[in-house]
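K.L.:
Here you go, coords_18.cif (mmCIF, C-alpha atoms):
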data_structure
loop_
_atom_site.label_atom_id
_atom_site.label_comp_id
_atom_site.auth_asym_id
_atom_site.auth_seq_id
_atom_site.Cartn_x
_atom_site.Cartn_y
_atom_site.Cartn_z
CA MET A 738 9.81 13.65 19.07
CA GLU A 739 11.81 16.83 18.97
CA TYR A 740 14.76 15.26 17.17
CA TYR A 741 13.21 15.14 13.71
CA SER A 742 11.17 17.97 12.36
CA GLU A 743 7.51 17.42 11.53
CA LYS A 744 7.83 16.84 7.78
CA ILE A 745 10.65 14.35 8.26
CA ASN A 746 8.57 12.51 10.86
CA ARG A 747 5.64 12.46 8.47
CA LEU A 748 7.83 10.98 5.72
CA ILE A 749 9.28 8.35 8.08
CA GLU A 750 5.76 7.45 9.17
CA GLU A 751 4.50 7.09 5.60
CA LEU A 752 7.48 4.95 4.55
CA GLY A 753 7.17 2.85 7.71
CA ARG A 754 3.66 1.80 6.64
CA LEU A 755 5.02 -0.05 3.60
CA PRO A 756 5.30 -3.82 3.97
CA GLY A 757 8.66 -5.02 5.26
CA VAL A 758 9.80 -1.51 6.16
CA GLY A 759 10.41 -1.12 9.89
CA ARG A 760 11.07 2.13 11.74
CA LYS A 761 14.84 1.92 11.22
CA SER A 762 14.57 1.23 7.50
CA ALA A 763 12.00 3.99 7.18
CA GLN A 764 14.49 6.43 8.75
CA ARG A 765 17.25 5.25 6.45
CA LEU A 766 14.99 5.59 3.39
CA ALA A 767 13.77 9.02 4.48
CA PHE A 768 17.28 10.43 4.89
CA HIS A 769 18.30 8.86 1.62
CA ILE A 770 15.37 10.53 -0.13
CA LEU A 771 16.23 13.88 1.47
CA SER A 772 19.79 13.54 0.20
CA LEU A 773 18.72 12.95 -3.41
CA PRO A 774 18.60 15.73 -6.01
CA LYS A 775 15.19 17.43 -6.12
CA GLN A 776 14.48 16.10 -9.59
CA ARG A 777 15.03 12.48 -8.54
CA VAL A 778 12.64 12.92 -5.62
CA GLU A 779 9.96 14.41 -7.84
CA SER A 780 10.42 11.55 -10.25
CA LEU A 781 9.86 9.03 -7.43
CA ALA A 782 6.77 10.80 -6.11
CA PHE A 783 5.41 11.12 -9.63
CA ALA A 784 5.96 7.43 -10.41
CA ILE A 785 3.97 6.51 -7.29
CA GLU A 786 1.03 8.77 -8.03
CA ASP A 787 1.03 8.17 -11.74
CA ALA A 788 1.08 4.38 -11.45
CA LYS A 789 -1.78 4.46 -8.96
CA LYS A 790 -3.76 6.89 -11.11
CA SER A 791 -3.37 5.08 -14.42
CA VAL A 792 -3.12 1.43 -13.47
CA ALA A 793 -6.30 -0.63 -13.38
CA TYR A 794 -7.37 -4.18 -14.15
CA CYS A 795 -7.16 -5.49 -17.71
CA LYS A 796 -10.76 -5.97 -18.88
CA GLU A 797 -9.90 -9.45 -20.14
CA CYS A 798 -7.58 -11.12 -17.64
CA PHE A 799 -7.59 -8.73 -14.64
CA ASN A 800 -3.84 -8.28 -14.74
CA LEU A 801 -2.78 -4.78 -13.67
CA THR A 802 -2.21 -2.53 -16.66
CA ASP A 803 -2.26 1.11 -17.71
CA ARG A 804 -4.33 0.32 -20.81
CA ASP A 805 -7.81 -1.10 -21.30
CA ILE A 806 -6.47 -4.45 -22.37
CA CYS A 807 -3.06 -5.59 -21.10
CA PRO A 808 -0.21 -6.16 -23.57
CA ILE A 809 -0.52 -9.93 -23.18
CA CYS A 810 -4.23 -10.09 -24.01
CA ALA A 811 -3.71 -7.56 -26.81
CA ASN A 812 -0.95 -9.64 -28.41
CA PRO A 813 -2.50 -11.47 -31.41
CA SER A 814 0.17 -14.18 -31.34
CA ARG A 815 -0.88 -15.43 -27.88
CA ASN A 816 -3.16 -18.44 -27.80
CA LYS A 817 -6.46 -17.29 -26.27
CA ARG A 818 -7.71 -20.88 -25.98
CA ILE A 819 -5.31 -21.70 -23.14
CA ILE A 820 -5.86 -19.77 -19.91
CA MET A 821 -3.47 -19.97 -16.97
CA VAL A 822 -5.16 -19.01 -13.70
CA VAL A 823 -2.88 -17.29 -11.15
CA GLU A 824 -3.46 -15.69 -7.77
CA ASN A 825 -1.83 -12.32 -8.43
CA PRO A 826 0.10 -10.25 -10.99
CA ARG A 827 3.47 -11.22 -9.49
CA ASP A 828 2.74 -14.89 -10.18
CA LEU A 829 1.81 -13.96 -13.73
CA ALA A 830 5.12 -12.13 -14.09
CA ALA A 831 6.99 -15.16 -12.75
CA TYR A 832 5.57 -17.37 -15.51
CA GLU A 833 5.91 -14.66 -18.10
CA LYS A 834 9.63 -14.43 -17.35
CA THR A 835 10.09 -18.05 -18.36
CA GLY A 836 9.13 -16.92 -21.87
CA LYS A 837 7.72 -20.38 -22.59
CA PHE A 838 4.01 -19.93 -22.00
CA ASN A 839 2.17 -18.71 -25.05
CA GLY A 840 -1.41 -18.76 -23.73
CA VAL A 841 -3.14 -16.01 -21.77
CA TYR A 842 -3.74 -15.53 -18.06
CA HIS A 843 -6.53 -14.96 -15.60
CA VAL A 844 -5.62 -13.16 -12.37
CA LEU A 845 -7.85 -14.08 -9.43
CA HIS A 846 -6.48 -11.42 -7.06
CA GLY A 847 -6.48 -13.79 -4.12
CA ALA A 848 -7.30 -17.34 -3.17
CA ILE A 849 -10.23 -18.86 -1.33
CA SER A 850 -9.45 -18.79 2.39
CA PRO A 851 -12.28 -19.46 4.85
CA MET A 852 -9.82 -18.66 7.69
CA GLN A 853 -9.41 -15.12 6.39
CA GLY A 854 -13.03 -14.84 5.34
CA ILE A 855 -12.21 -14.87 1.62
CA GLY A 856 -14.89 -16.79 -0.27
CA PRO A 857 -15.29 -17.58 -4.00
CA GLY A 858 -17.19 -14.31 -4.45
CA ASP A 859 -14.23 -12.26 -3.24
CA ILE A 860 -11.87 -13.27 -6.05
CA LYS A 861 -12.27 -12.96 -9.83
CA LEU A 862 -13.93 -16.36 -10.28
CA LYS A 863 -17.22 -15.24 -11.78
CA GLU A 864 -15.14 -13.33 -14.33
CA LEU A 865 -13.22 -16.52 -15.18
CA MET A 866 -16.46 -18.44 -15.75
CA LEU A 867 -17.64 -15.69 -18.11
CA ARG A 868 -14.44 -16.01 -20.13
CA LEU A 869 -14.96 -19.75 -20.44
CA GLN A 870 -18.14 -19.15 -22.46
CA LYS A 871 -15.86 -18.34 -25.38
CA ASP A 872 -13.83 -21.10 -27.03
CA VAL A 873 -11.31 -22.35 -24.50
CA ASP A 874 -9.38 -25.60 -24.78
CA GLU A 875 -7.60 -25.75 -21.43
CA VAL A 876 -7.54 -24.06 -18.06
CA ILE A 877 -4.17 -24.43 -16.32
CA ILE A 878 -4.48 -23.74 -12.60
CA ALA A 879 -1.28 -22.16 -11.31
CA THR A 880 -2.40 -21.04 -7.87
CA ASN A 881 0.17 -21.39 -5.10
CA SER A 882 0.98 -24.73 -3.57
CA SER A 883 -0.46 -23.57 -0.23
CA LEU A 884 -3.62 -24.71 1.55
CA GLU A 885 -5.52 -21.77 0.07
CA GLY A 886 -4.03 -22.25 -3.39
CA GLU A 887 -4.93 -25.97 -3.40
CA ALA A 888 -8.46 -25.30 -2.16
CA THR A 889 -8.92 -22.69 -4.88
CA ALA A 890 -7.58 -25.10 -7.52
CA MET A 891 -10.01 -27.75 -6.35
CA TYR A 892 -12.93 -25.34 -6.42
CA ILE A 893 -12.12 -24.10 -9.92
CA SER A 894 -11.66 -27.60 -11.30
CA LYS A 895 -15.12 -28.61 -9.98
CA LEU A 896 -16.65 -25.55 -11.65
CA VAL A 897 -14.89 -25.88 -14.98
CA LYS A 898 -14.87 -29.63 -15.64
CA PRO A 899 -18.65 -29.97 -16.18
CA ALA A 900 -18.30 -27.48 -19.06
CA GLY A 901 -16.19 -30.09 -20.86
CA ILE A 902 -13.03 -27.98 -20.72
CA LYS A 903 -9.72 -29.63 -19.90
CA VAL A 904 -8.44 -28.56 -16.49
CA SER A 905 -4.85 -29.08 -15.38
CA ARG A 906 -2.79 -28.16 -12.33
CA ILE A 907 0.91 -27.21 -12.45
CA ALA A 908 3.09 -29.94 -10.93
CA SER A 909 4.21 -30.02 -7.31
CA GLY A 910 7.59 -31.57 -6.56
CA ILE A 911 11.26 -31.07 -5.90
CA PRO A 912 12.45 -27.66 -7.15
CA VAL A 913 15.23 -27.92 -9.72
CA GLY A 914 18.58 -27.90 -7.95
CA GLY A 915 16.81 -28.75 -4.67
CA ASP A 916 18.58 -31.06 -2.23
CA LEU A 917 16.28 -33.90 -1.20
CA GLU A 918 17.49 -33.84 2.39
CA ASN A 919 16.42 -30.22 2.79
CA ILE A 920 12.93 -30.65 1.37
CA ASP A 921 9.85 -31.01 3.55
CA GLU A 922 7.97 -34.32 3.73
CA VAL A 923 4.81 -33.07 2.06
CA THR A 924 6.77 -31.97 -0.99
CA LEU A 925 8.67 -35.30 -1.05
CA LEU A 926 5.38 -37.22 -1.03
CA LYS A 927 3.89 -34.95 -3.70
CA ALA A 928 6.94 -35.53 -5.86
CA LEU A 929 6.54 -39.29 -5.40
CA ASP A 930 2.84 -39.21 -6.22
CA GLY A 931 3.48 -37.09 -9.28
CA ARG A 932 6.31 -39.24 -10.64
CA VAL A 933 6.48 -39.59 -14.42
CA GLU A 934 7.83 -42.46 -16.46
CA ILE A 935 11.17 -41.82 -18.17
CA MET B 523 9.40 -6.70 -20.32
CA GLU B 524 5.91 -7.28 -21.54
CA TYR B 525 4.63 -8.71 -18.27
CA TYR B 526 4.29 -5.42 -16.42
CA SER B 527 2.89 -2.35 -18.07
CA GLU B 528 5.08 0.70 -18.51
CA LYS B 529 3.91 2.69 -15.48
CA ILE B 530 4.29 -0.28 -13.18
CA ASN B 531 7.80 -0.87 -14.52
CA ARG B 532 8.59 2.76 -13.96
CA LEU B 533 7.38 2.53 -10.35
CA ILE B 534 9.35 -0.67 -9.73
CA GLU B 535 12.44 0.96 -11.19
CA GLU B 536 12.09 4.07 -9.01
CA LEU B 537 11.54 2.02 -5.86
CA GLY B 538 14.44 -0.27 -6.74
CA ARG B 539 16.82 2.68 -6.65
CA LEU B 540 16.23 3.17 -2.93
CA PRO B 541 18.96 1.78 -0.68
CA GLY B 542 18.38 -1.78 0.49
CA VAL B 543 15.51 -2.31 -1.95
CA GLY B 544 16.27 -5.03 -4.49
CA ARG B 545 14.21 -5.87 -7.56
CA LYS B 546 12.00 -8.35 -5.68
CA SER B 547 11.27 -5.95 -2.83
CA ALA B 548 10.61 -3.18 -5.32
CA GLN B 549 8.00 -5.38 -7.02
CA ARG B 550 6.40 -6.23 -3.68
CA LEU B 551 6.33 -2.55 -2.69
CA ALA B 552 4.94 -1.50 -6.07
CA PHE B 553 2.04 -3.96 -5.94
CA HIS B 554 1.37 -3.01 -2.34
CA ILE B 555 1.21 0.66 -3.33
CA LEU B 556 -1.13 -0.15 -6.21
CA SER B 557 -3.43 -2.01 -3.82
CA LEU B 558 -3.70 0.92 -1.39
CA PRO B 559 -6.63 3.35 -1.46
CA LYS B 560 -5.95 6.34 -3.73
CA GLN B 561 -5.87 8.73 -0.81
CA ARG B 562 -3.15 6.76 1.01
CA VAL B 563 -1.00 6.73 -2.14
CA GLU B 564 -1.38 10.48 -2.59
CA SER B 565 -0.45 10.98 1.01
CA LEU B 566 2.76 8.95 0.53
CA ALA B 567 3.74 10.81 -2.64
CA PHE B 568 2.96 14.12 -0.97
CA ALA B 569 5.06 13.30 2.10
CA ILE B 570 8.03 12.53 -0.13
CA GLU B 571 7.79 15.69 -2.20
CA ASP B 572 6.86 17.91 0.70
CA ALA B 573 9.70 16.75 2.93
CA LYS B 574 12.22 17.27 0.14
CA LYS B 575 10.77 20.69 -0.69
CA SER B 576 10.65 22.05 2.83
CA VAL B 577 13.55 20.36 4.59
CA ALA B 578 16.91 22.09 4.60
CA TYR B 579 19.86 22.49 6.96
CA CYS B 580 19.43 24.31 10.26
CA LYS B 581 21.42 27.54 9.97
CA GLU B 582 23.03 26.88 13.35
CA CYS B 583 23.83 23.19 13.59
CA PHE B 584 23.16 21.84 10.05
CA ASN B 585 20.64 19.29 11.29
CA LEU B 586 17.84 18.70 8.76
CA THR B 587 14.79 20.77 9.60
CA ASP B 588 11.75 22.37 7.99
CA ARG B 589 12.40 25.68 9.77
CA ASP B 590 15.25 28.19 9.65
CA ILE B 591 16.59 27.06 13.00
CA CYS B 592 15.93 23.49 14.18
CA PRO B 593 13.81 22.88 17.30
CA ILE B 594 16.90 21.90 19.30
CA CYS B 595 18.85 25.08 18.54
CA ALA B 596 15.68 27.14 19.02
CA ASN B 597 15.05 25.66 22.46
CA PRO B 598 16.19 28.26 25.05
CA SER B 599 16.67 25.61 27.74
CA ARG B 600 19.44 23.84 25.78
CA ASN B 601 23.01 24.68 26.77
CA LYS B 602 24.61 26.36 23.74
CA ARG B 603 28.05 26.21 25.35
CA ILE B 604 28.30 22.44 24.86
CA ILE B 605 28.38 21.24 21.25
CA MET B 606 28.23 17.57 20.31
CA VAL B 607 29.67 16.91 16.84
CA VAL B 608 28.01 14.06 14.92
CA GLU B 609 28.39 12.70 11.41
CA ASN B 610 24.75 12.78 10.35
CA PRO B 611 21.18 13.54 11.49
CA ARG B 612 20.51 9.90 12.41
CA ASP B 613 23.38 9.95 14.90
CA LEU B 614 21.95 13.15 16.34
CA ALA B 615 18.58 11.44 16.69
CA ALA B 616 20.20 8.47 18.41
CA TYR B 617 21.64 10.73 21.15
CA GLU B 618 18.50 12.84 21.31
CA LYS B 619 16.48 9.70 22.06
CA THR B 620 18.52 9.12 25.21
CA GLY B 621 16.96 12.35 26.47
CA LYS B 622 20.05 12.98 28.62
CA PHE B 623 22.08 15.39 26.54
CA ASN B 624 21.14 19.00 27.12
CA GLY B 625 23.69 20.70 24.88
CA VAL B 626 23.38 21.39 21.17
CA TYR B 627 24.73 19.56 18.13
CA HIS B 628 26.80 20.15 15.06
CA VAL B 629 26.11 17.86 12.09
CA LEU B 630 29.14 17.34 9.83
CA HIS B 631 27.26 15.47 7.08
CA GLY B 632 30.05 13.01 6.61
CA ALA B 633 33.49 12.13 7.90
CA ILE B 634 36.94 12.69 6.51
CA SER B 635 37.80 9.75 4.24
CA PRO B 636 40.80 10.04 1.92
CA MET B 637 39.84 6.65 0.44
CA GLN B 638 36.51 8.05 -0.76
CA GLY B 639 38.01 11.41 -1.60
CA ILE B 640 36.21 13.22 1.22
CA GLY B 641 38.45 15.90 2.69
CA PRO B 642 37.94 18.37 5.54
CA GLY B 643 36.48 20.84 3.06
CA ASP B 644 33.69 18.44 2.08
CA ILE B 645 32.06 18.28 5.50
CA LYS B 646 30.69 21.07 7.72
CA LEU B 647 33.97 21.73 9.52
CA LYS B 648 34.50 25.38 8.60
CA GLU B 649 30.99 25.98 9.90
CA LEU B 650 31.93 24.34 13.20
CA MET B 651 34.98 26.57 13.56
CA LEU B 652 32.79 29.63 12.97
CA ARG B 653 30.46 28.55 15.76
CA LEU B 654 33.39 28.20 18.12
CA GLN B 655 34.05 31.93 17.89
CA LYS B 656 31.08 32.36 20.22
CA ASP B 657 31.33 31.26 23.85
CA VAL B 658 31.71 27.50 23.88
CA ASP B 659 32.91 25.46 26.87
CA GLU B 660 33.22 22.00 25.39
CA VAL B 661 33.16 20.19 22.06
CA ILE B 662 32.14 16.55 22.42
CA ILE B 663 33.15 14.54 19.36
CA ALA B 664 30.61 11.80 18.71
CA THR B 665 31.69 10.66 15.25
CA ASN B 666 31.47 6.92 14.60
CA SER B 667 34.02 4.53 15.99
CA SER B 668 35.20 3.72 12.46
CA LEU B 669 38.49 4.58 10.78
CA GLU B 670 36.89 7.65 9.19
CA GLY B 671 35.15 8.65 12.39
CA GLU B 672 38.36 8.41 14.39
CA ALA B 673 40.37 10.34 11.81
CA THR B 674 37.72 13.06 11.80
CA ALA B 675 37.75 13.20 15.61
CA MET B 676 41.55 13.55 15.59
CA TYR B 677 41.41 16.29 12.99
CA ILE B 678 38.78 18.29 14.86
CA SER B 679 40.58 17.96 18.17
CA LYS B 680 43.76 19.36 16.62
CA LEU B 681 41.81 22.30 15.20
CA VAL B 682 39.83 23.10 18.31
CA LYS B 683 42.33 22.58 21.16
CA PRO B 684 44.55 25.57 20.29
CA ALA B 685 41.50 27.79 20.80
CA GLY B 686 41.53 26.76 24.46
CA ILE B 687 38.22 24.91 24.24
CA LYS B 688 37.84 21.58 26.01
CA VAL B 689 37.54 18.72 23.50
CA SER B 690 36.26 15.28 24.46
CA ARG B 691 35.51 12.04 22.61
CA ILE B 692 32.66 9.67 23.51
CA ALA B 693 33.95 6.43 25.04
CA SER B 694 34.67 3.28 23.08
CA GLY B 695 34.13 -0.04 24.82
CA ILE B 696 31.89 -3.01 25.44
CA PRO B 697 28.25 -2.21 24.60
CA VAL B 698 25.91 -2.61 27.57
CA GLY B 699 24.60 -6.17 27.60
CA GLY B 700 27.43 -7.21 25.28
CA ASP B 701 29.00 -10.64 25.76
CA LEU B 702 32.77 -10.35 25.96
CA GLU B 703 33.29 -13.52 23.97
CA ASN B 704 31.42 -12.09 20.99
CA ILE B 705 33.23 -8.78 20.90
CA ASP B 706 36.07 -8.05 18.50
CA GLU B 707 39.64 -7.64 19.75
CA VAL B 708 39.95 -3.97 18.89
CA THR B 709 36.92 -3.15 21.01
CA LEU B 710 38.22 -5.32 23.84
CA LEU B 711 41.54 -3.45 23.80
CA LYS B 712 39.78 -0.08 23.62
CA ALA B 713 37.67 -1.06 26.60
CA LEU B 714 40.82 -2.01 28.49
CA ASP B 715 42.61 1.22 27.60
CA GLY B 716 39.58 3.25 28.58
CA ARG B 717 39.05 1.53 31.93
CA VAL B 718 37.84 3.76 34.78
CA GLU B 719 38.47 3.34 38.48
CA ILE B 720 35.49 2.18 40.51
#
Since I need it in another form, could you write the structure as structure tokens?
P.N.:
Amino acid sequence: MEYYSEKINRLIEELGRLPGVGRKSAQRLAFHILSLPKQRVESLAFAIEDAKKSVAYCKECFNLTDRDICPICANPSRNKRIIMVVENPRDLAAYEKTGKFNGVYHVLHGAISPMQGIGPGDIKLKELMLRLQKDVDEVIIATNSSLEGEATAMYISKLVKPAGIKVSRIASGIPVGGDLENIDEVTLLKALDGRVEI
Amino acid sequence: MEYYSEKINRLIEELGRLPGVGRKSAQRLAFHILSLPKQRVESLAFAIEDAKKSVAYCKECFNLTDRDICPICANPSRNKRIIMVVENPRDLAAYEKTGKFNGVYHVLHGAISPMQGIGPGDIKLKELMLRLQKDVDEVIIATNSSLEGEATAMYISKLVKPAGIKVSRIASGIPVGGDLENIDEVTLLKALDGRVEI
């Protein structure tokens, strides 16, 4: 490709490897980056390297953090006896944004998926069981409402229940503001099954 | 925001400043970057910094390049007597990909737009006029078919014609494969005006 010089091609190639960034977007991003002031570009490159260098798993909950223990686990006002199990840090953030959950989390970093060759040993399950040896009142399973998420929830509940710890699963149903006519049948049935008296 | 640690927030913020990247995409990109092997992340950060550091304007045509003179201008088999004027390096690349244009380019880095306060002095027009003091047979104006692009084309043609140099404008009309019924009226009229005998 004679039309872009080597370093521009290299940049386009690197950006094009990011998820959801096609060749056209990568070109657009590359030319945008080249048009930025030098200091802004350095700041972007630094943020990328620095985050990668300093971010690791929290030793307690396996959330991503740049400290030993993440701010949530380190917060003395959080209730350590209630653990919400999520698949990844973005799911954790989603619940954290609600501002209503005062327990702590456990990030599995995946879900059991025989189709993709991901077994119980490939996610942070052993680490969850270790945490349960301390005093824990309830494990809330907030894996996704997908096949893999449900299978993982099932698996965890079978592991945890014998220890005499309460296990719960977040509710499936109609999303708030959802129009019944636009909602798939499986969700409609789940919402019916999960109905609560009012 | 307690739910992401500082360095992750910083990365999300930096990514979110890129064009077309909203907060959600920035989060997705950030977690993807954190999940990559260290070496891949360094390679991305390096490509960004290195491109910005080494890429500048070609001294001839103002295309972006990591050399003094871009590969197109440096190519002795290109016809220097035909100059195609484009708004930006991506437009240049679009024509270069056709592989059929054997002249050279001139990149304006913008178009005249009184609405956005961009005048003739804000784009590489003076530089074009300087180039025309050498032997040039034709200036092909390939600015966009937008209001700004057309105004810029008009302006250039008025500047260049008195010098006795042939000035042409790329054709407007129905895109190849385009369905007439889906094409806007202005384009339809332009296609009619620009009809050629067959």
K.L.:
Determine the nearest neighbour of Arg550 (chain B) from the options B:Ile530, B:Leu566, B:Pro684, B:Met637, counting all atoms listed in the file.
P.N.:
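With all atoms listed in the file as the atom set, the closest residue is B:Ile530.
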K.L.:
Residues within 12 Å of Ala548 (chain B), please, as an NGL selection string. Count all atoms listed in the file; anything in the same chain fewer than 2 positions from it doesn't count.
P.N.:
(:A and (755-758 or 785 or 827)) or (:B and (530-546 or 550-555))
K.L.:
Select all residues from chain A having any atom no more than 8 Å from an atom of chain B (counting all atoms listed in the file, ignoring ligands), output as a PyMOL selection string.
P.N.:
chain A and resi 739-745+747-748+751-752+755-756+764+766+769-771+775+778-792+801-803+807-809+827+829-830+833-834
K.L.:
Hey, what's within 7 Å of Val841 (chain A) if we count all atoms listed in the file and toss same-chain stuff fewer than 6 positions away? As a PyMOL selection string, please?
P.N.:
chain A and resi 809-810+815-817+819-821
K.L.:
When you look at Gly931 (chain A) with a cut-off of 9 Å (counting all atoms listed in the file), what residues show up, excluding the ones that are within fewer than 4 positions of it in the same chain? I need them as a list in words.
P.N.:
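Contacts, with the query itself left out: Ala908, Ser909, Gly910, Leu926 and Lys927 of chain A.
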K.L.:
Quick one: pull the distance between CA of Gln638 (chain B) and CA of Asn666 (chain B), Å, one decimal.
P.N.:
16.2 Å
K.L.:
Enter the distance from CA of His631 (chain B) to CA of Ala664 (chain B), in Å, rounded to one decimal.
P.N.:
12.6 Å
K.L.:
Pick out the residues sitting within 9 Å of Ile678 (chain B), and hand them over as a PDB file with C-alpha atoms, in the coordinates of the input; count only C-alpha atoms, and ignore anything fewer than 4 positions along from it in its own chain.
P.N.:
ATOM      1  CA  LEU B 647      33.970  21.730   9.520  1.00  0.00           C
ATOM      2  CA  ILE B 663      33.150  14.540  19.360  1.00  0.00           C
ATOM      3  CA  ALA B 673      40.370  10.340  11.810  1.00  0.00           C
ATOM      4  CA  THR B 674      37.720  13.060  11.800  1.00  0.00           C
ATOM      5  CA  VAL B 682      39.830  23.100  18.310  1.00  0.00           C
ATOM      6  CA  LYS B 683      42.330  22.580  21.160  1.00  0.00           C
ATOM      7  CA  VAL B 689      37.540  18.720  23.500  1.00  0.00           C
TER       8      VAL B 689
END
K.L.:
Write out as a PDB file with C-alpha atoms, keeping the file's coordinate frame each polymer residue whose atoms come within 12 Å of Pro857 (chain A), counting all atoms listed in the file; drop sequence neighbours fewer than 4 positions from it.
P.N.:
ATOM      1  CA  LEU A 845      -7.850 -14.080  -9.430  1.00  0.00           C
ATOM      2  CA  HIS A 846      -6.480 -11.420  -7.060  1.00  0.00           C
ATOM      3  CA  GLY A 847      -6.480 -13.790  -4.120  1.00  0.00           C
ATOM      4  CA  ALA A 848      -7.300 -17.340  -3.170  1.00  0.00           C
ATOM      5  CA  ILE A 849     -10.230 -18.860  -1.330  1.00  0.00           C
ATOM      6  CA  SER A 850      -9.450 -18.790   2.390  1.00  0.00           C
ATOM      7  CA  PRO A 851     -12.280 -19.460   4.850  1.00  0.00           C
ATOM      8  CA  LYS A 861     -12.270 -12.960  -9.830  1.00  0.00           C
ATOM      9  CA  LEU A 862     -13.930 -16.360 -10.280  1.00  0.00           C
ATOM     10  CA  LYS A 863     -17.220 -15.240 -11.780  1.00  0.00           C
ATOM     11  CA  GLU A 864     -15.140 -13.330 -14.330  1.00  0.00           C
ATOM     12  CA  LEU A 865     -13.220 -16.520 -15.180  1.00  0.00           C
ATOM     13  CA  MET A 866     -16.460 -18.440 -15.750  1.00  0.00           C
ATOM     14  CA  GLU A 885      -5.520 -21.770   0.070  1.00  0.00           C
ATOM     15  CA  ALA A 888      -8.460 -25.300  -2.160  1.00  0.00           C
ATOM     16  CA  THR A 889      -8.920 -22.690  -4.880  1.00  0.00           C
ATOM     17  CA  ALA A 890      -7.580 -25.100  -7.520  1.00  0.00           C
ATOM     18  CA  MET A 891     -10.010 -27.750  -6.350  1.00  0.00           C
ATOM     19  CA  TYR A 892     -12.930 -25.340  -6.420  1.00  0.00           C
ATOM     20  CA  ILE A 893     -12.120 -24.100  -9.920  1.00  0.00           C
ATOM     21  CA  LEU A 896     -16.650 -25.550 -11.650  1.00  0.00           C
TER      22      LEU A 896
END
